[in-house]
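To start, the structure itself, in structure tokens.
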Amino acid sequence: MPFGICTLSIVPLRAEPSDKSEIVSQILYGELFEIIESNKKWSQVKLAFDNYEGWIDTKQYIEISQKDFQTYSVAEGKYVTDLVEYVDCEKQHIYPITLGASIHTLPLLGHTFDGHFTSGEQSKENLLKTAFLYLNTPYLWGGKSPFGIDCSGLTQMVYKLNGYKLQRDASQQANQGEALSFIEESEPGDLAFFDNEEGDIIHVGIIMKDNHIIHAHGKVRIDRLDHSGIYNIEKNAHTHKLRVIKKII
């Protein structure tokens, strides 16, 4: 089975091999993946970080060896901490990259980078500092960047930048960590999950102090959190029904 690395800043990961297909997630610069199948136009891939699958344009990555994939997929991650940066290539071209891009894989691309980055596990207190970097980012279904992000993309990227692994979707993340019985037991950085009328987990946010939450809803925003759910001060109404609180770290 071949393997690949993303060479561009933000590549759409689609549900089906079509430019008209739904974007289910995004692949950021430097991310690694297995190539399940491919043709001249499309490749079905499985991401190394969270095993998420989808289709990408075959022109938007390069193949790497199995040895390199295995070496770099288990190496300690290094992630860009500025909203926008760039890398240089040997041909004197620059590639724009964004917050959360993987730069520990730079040797595979022959690029250089001299900006700010983070690596290793950070303290739990740092989670909210990272989340605030995405404040006012527009909501985008499947998004993972400061130019568009969804609720679970926000939580995954915030935890990833601090050295912790979350699955991609809110329903998957809800299966991780330790459940708490009450909001009062939670700490800033814990996750709150919300369900719909059918009982399906459809939303997630990061708990702050003083009964507030930061989450992606229209944009990345801060709202009130109570035992019923998320209370939108602007609408004077609850917008999401609380299902469970999870302590991940």
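Letters A, B, ... go to the chains of the structure tokens in the order shown; residues in each chain start at 1; ligands are counted from 1 in the same order.
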Original post:
Could you pull out all residues of segment 60-241 of chain A with a DSSP call of helix (DSSP H, G or I) and give them as a PyMOL selection string?
Top reply: chain A and resi 60+66-73+106-109+126-132+151-161+170-173+183-185
With a cut-off of 9 Å, could you pull out the residues of segment 74-120 of chain A touching segment 1-7 of chain A and give me the nearest pair of atoms for each, distance in Å to one decimal, using only C-alpha atoms, ordered by chain and ascending number, as a Markdown table?
```
| residue | atom | partner | partner_atom | distance |
| --- | --- | --- | --- | --- |
| A:Tyr95 | CA | A:Thr7 | CA | 8.6 |
| A:Thr105 | CA | A:Ile5 | CA | 8.5 |
| A:Leu108 | CA | A:Ile5 | CA | 8.2 |
| A:Leu109 | CA | A:Thr7 | CA | 7.5 |
```
Selection export as an mmCIF file, in the first residue's frame, atoms kept: N, CA and C atoms:
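As written to disk, selection11.cif reads:
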```cif
data_model
loop_
_atom_site.group_PDB
_atom_site.id
_atom_site.type_symbol
_atom_site.label_atom_id
_atom_site.label_comp_id
_atom_site.auth_asym_id
_atom_site.auth_seq_id
_atom_site.Cartn_x
_atom_site.Cartn_y
_atom_site.Cartn_z
ATOM 1 N N TYR A 95 5.647 28.382 0.118
ATOM 2 C CA TYR A 95 4.343 27.755 0.269
ATOM 3 C C TYR A 95 3.678 28.331 1.515
ATOM 4 N N THR A 105 7.602 16.897 9.499
ATOM 5 C CA THR A 105 7.763 16.137 8.259
ATOM 6 C C THR A 105 8.466 16.939 7.164
ATOM 7 N N LEU A 108 10.844 15.412 4.456
ATOM 8 C CA LEU A 108 10.267 14.632 3.359
ATOM 9 C C LEU A 108 9.965 15.510 2.148
ATOM 10 N N LEU A 109 9.813 16.805 2.371
ATOM 11 C CA LEU A 109 9.462 17.720 1.289
ATOM 12 C C LEU A 109 10.639 18.587 0.854
#
```
Subject >> Spatial neighbours of Lys219 of chain A, max dist 7 Å, only C-alpha atoms, sep filter under 3 positions, as a list in words >> reply: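 Those residues are Asn136, Thr137, Pro138, Tyr139 and Ala216 of chain A.
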Subject >> DSSP-assigned strand (DSSP E or B) among segment 36-248 of chain A, expressed as a ChimeraX atom specification >> reply: /A:36-38,42-47,53-57,61-64,78-80,84-88,94-98,102,112,117-119,138-139,144-145,148-149,178-180,191-195,201-207,212-217,219-225,229-232,237-247
So which residues touch Ala48 of chain A within 9 Å, counting only C-alpha atoms, skipping near sequence neighbours fewer than 3 positions away, as a short mmCIF file (atom, residue, chain, number, x, y, z; two decimals) with C-alpha atoms, in the first residue's frame?
```
data_model
loop_
_atom_site.label_atom_id
_atom_site.label_comp_id
_atom_site.auth_asym_id
_atom_site.auth_seq_id
_atom_site.Cartn_x
_atom_site.Cartn_y
_atom_site.Cartn_z
CA GLU A 31 0.09 15.55 7.29
CA LEU A 32 0.70 11.90 6.43
CA PHE A 33 -1.70 9.27 5.15
CA GLU A 34 -2.07 5.83 3.64
CA ASN A 51 -7.48 7.20 10.76
CA TYR A 52 -10.10 9.43 9.11
CA PHE A 69 5.66 6.99 6.71
CA SER A 73 3.94 9.05 11.75
#
```
Subject >> Polymer residues at most 12 Å from segment 11-13 of chain A, only C-alpha atoms, same-chain spacing of 6 or more positions, as a ChimeraX atom specification >> reply: /A:5,19-31,33,42-47,52-61,97-98,101,140-145,148
Let's have the selection written as a PDB file, in the first residue's frame, with C-alpha atoms.
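again22.pdb, written as the output of this step:
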```pdb
ATOM      1  CA  ILE A   5       2.161  13.557   2.430  1.00  0.00           C
ATOM      2  CA  ASP A  19     -15.270  18.059  -6.820  1.00  0.00           C
ATOM      3  CA  LYS A  20     -18.988  18.397  -6.029  1.00  0.00           C
ATOM      4  CA  SER A  21     -18.816  15.989  -3.094  1.00  0.00           C
ATOM      5  CA  GLU A  22     -19.203  17.047   0.533  1.00  0.00           C
ATOM      6  CA  ILE A  23     -16.015  18.105   2.335  1.00  0.00           C
ATOM      7  CA  VAL A  24     -15.868  15.891   5.429  1.00  0.00           C
ATOM      8  CA  SER A  25     -12.524  17.210   6.716  1.00  0.00           C
ATOM      9  CA  GLN A  26      -9.312  18.885   5.611  1.00  0.00           C
ATOM     10  CA  ILE A  27      -5.687  17.827   5.391  1.00  0.00           C
ATOM     11  CA  LEU A  28      -3.166  20.442   6.463  1.00  0.00           C
ATOM     12  CA  TYR A  29       0.379  20.874   5.197  1.00  0.00           C
ATOM     13  CA  GLY A  30       2.729  18.088   6.239  1.00  0.00           C
ATOM     14  CA  GLU A  31       0.095  15.554   7.295  1.00  0.00           C
ATOM     15  CA  PHE A  33      -1.700   9.271   5.146  1.00  0.00           C
ATOM     16  CA  TRP A  42      -8.699  10.934  -7.159  1.00  0.00           C
ATOM     17  CA  SER A  43      -7.103   9.072  -4.253  1.00  0.00           C
ATOM     18  CA  GLN A  44      -8.841   7.538  -1.267  1.00  0.00           C
ATOM     19  CA  VAL A  45      -6.694   8.073   1.832  1.00  0.00           C
ATOM     20  CA  LYS A  46      -6.618   7.295   5.553  1.00  0.00           C
ATOM     21  CA  LEU A  47      -4.964   9.899   7.755  1.00  0.00           C
ATOM     22  CA  TYR A  52     -10.095   9.430   9.107  1.00  0.00           C
ATOM     23  CA  GLU A  53     -10.853   8.458   5.518  1.00  0.00           C
ATOM     24  CA  GLY A  54     -11.878  10.360   2.430  1.00  0.00           C
ATOM     25  CA  TRP A  55     -10.941  11.334  -1.120  1.00  0.00           C
ATOM     26  CA  ILE A  56      -8.436  13.971  -2.235  1.00  0.00           C
ATOM     27  CA  ASP A  57      -7.229  15.282  -5.573  1.00  0.00           C
ATOM     28  CA  THR A  58      -4.267  13.156  -6.687  1.00  0.00           C
ATOM     29  CA  LYS A  59      -2.393  16.316  -7.728  1.00  0.00           C
ATOM     30  CA  GLN A  60      -2.344  17.636  -4.160  1.00  0.00           C
ATOM     31  CA  TYR A  61       0.149  15.284  -2.541  1.00  0.00           C
ATOM     32  CA  ILE A  97       0.872  27.281   5.634  1.00  0.00           C
ATOM     33  CA  THR A  98      -1.497  27.840   8.529  1.00  0.00           C
ATOM     34  CA  ALA A 101       0.469  22.643   9.975  1.00  0.00           C
ATOM     35  CA  LEU A 140     -17.090  25.625   7.942  1.00  0.00           C
ATOM     36  CA  TRP A 141     -18.361  22.062   7.808  1.00  0.00           C
ATOM     37  CA  GLY A 142     -15.264  19.835   7.666  1.00  0.00           C
ATOM     38  CA  GLY A 143     -12.918  22.753   8.362  1.00  0.00           C
ATOM     39  CA  LYS A 144      -9.724  22.541  10.438  1.00  0.00           C
ATOM     40  CA  SER A 145      -8.031  25.895   9.805  1.00  0.00           C
ATOM     41  CA  GLY A 148     -12.925  27.970   8.478  1.00  0.00           C
TER      42      GLY A 148
END
```
Original post:
Looking at only C-alpha atoms, which of A:Glu178, A:Glu63, A:Asp114, A:Asp210 is the one that sits closest to Asp88 of chain A?
Top reply: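 Looking at the shortest contact to Asp88 of chain A, the residue is A:Asp114.
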Subject >> Shell around Ser228 of chain A at 6 Å using only C-alpha atoms, local window under 2 positions removed, as a count of residues only >> reply: 3
**OP:** Provide the atom CA of Phe117 of chain A to atom CA of Thr81 of chain A distance in Å, to one decimal place.
**Re:** 5.0 Å
Subject >> Between atom CA of Thr118 of chain A and atom CA of Tyr134 of chain A, distance in Å (one decimal) >> reply: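 Atom CA of Tyr134 of chain A lies 16.1 Å from atom CA of Thr118 of chain A.
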Which residues of segment 51-122 of chain A have any atom within 6 Å of an atom in segment 154-168 of chain A when counting only C-alpha atoms, and what is the closest pair of atoms for each, with the distance in Å to one decimal? Order the rows by chain and rising number and write it as a tab-separated table.
```
residue	atom	partner	partner_atom	distance
A:Gly120	CA	A:Gly163	CA	5.0
A:Glu121	CA	A:Gly163	CA	4.2
A:Gln122	CA	A:Asn162	CA	5.0
```
Residues near Lys247 of chain A, anyone? I mean within 10 Å using only C-alpha atoms, not counting same-chain ones fewer than 2 positions away, as a PDB file with C-alpha atoms, in the first residue's frame.
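After the write, around_18.pdb holds the following:
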```
ATOM      1  CA  GLN A 176     -12.919   9.340  24.684  1.00  0.00           C
ATOM      2  CA  GLY A 177     -12.002  10.381  28.209  1.00  0.00           C
ATOM      3  CA  GLU A 178     -13.801  10.177  31.554  1.00  0.00           C
ATOM      4  CA  ALA A 179     -17.434  11.236  31.942  1.00  0.00           C
ATOM      5  CA  LEU A 180     -18.256  13.809  34.629  1.00  0.00           C
ATOM      6  CA  GLU A 185     -16.798  18.889  38.458  1.00  0.00           C
ATOM      7  CA  SER A 186     -15.328  20.183  35.205  1.00  0.00           C
ATOM      8  CA  GLU A 187     -12.175  22.205  34.658  1.00  0.00           C
ATOM      9  CA  PRO A 188     -11.281  24.671  31.901  1.00  0.00           C
ATOM     10  CA  GLY A 189     -10.221  22.575  28.910  1.00  0.00           C
ATOM     11  CA  ASP A 190     -12.705  19.752  29.458  1.00  0.00           C
ATOM     12  CA  LEU A 191     -15.135  19.001  26.630  1.00  0.00           C
ATOM     13  CA  ALA A 192     -18.912  19.363  26.644  1.00  0.00           C
ATOM     14  CA  ILE A 245     -19.040  16.350  29.882  1.00  0.00           C
ATOM     15  CA  ILE A 249      -6.602  15.003  30.310  1.00  0.00           C
TER      16      ILE A 249
END
```
Subject >> Distance of atom CA of Arg243 of chain A from atom CA of Gly199 of chain A, expressed in Å to one decimal place >> reply: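 Atom CA of Gly199 of chain A sits 8.4 Å away from atom CA of Arg243 of chain A.
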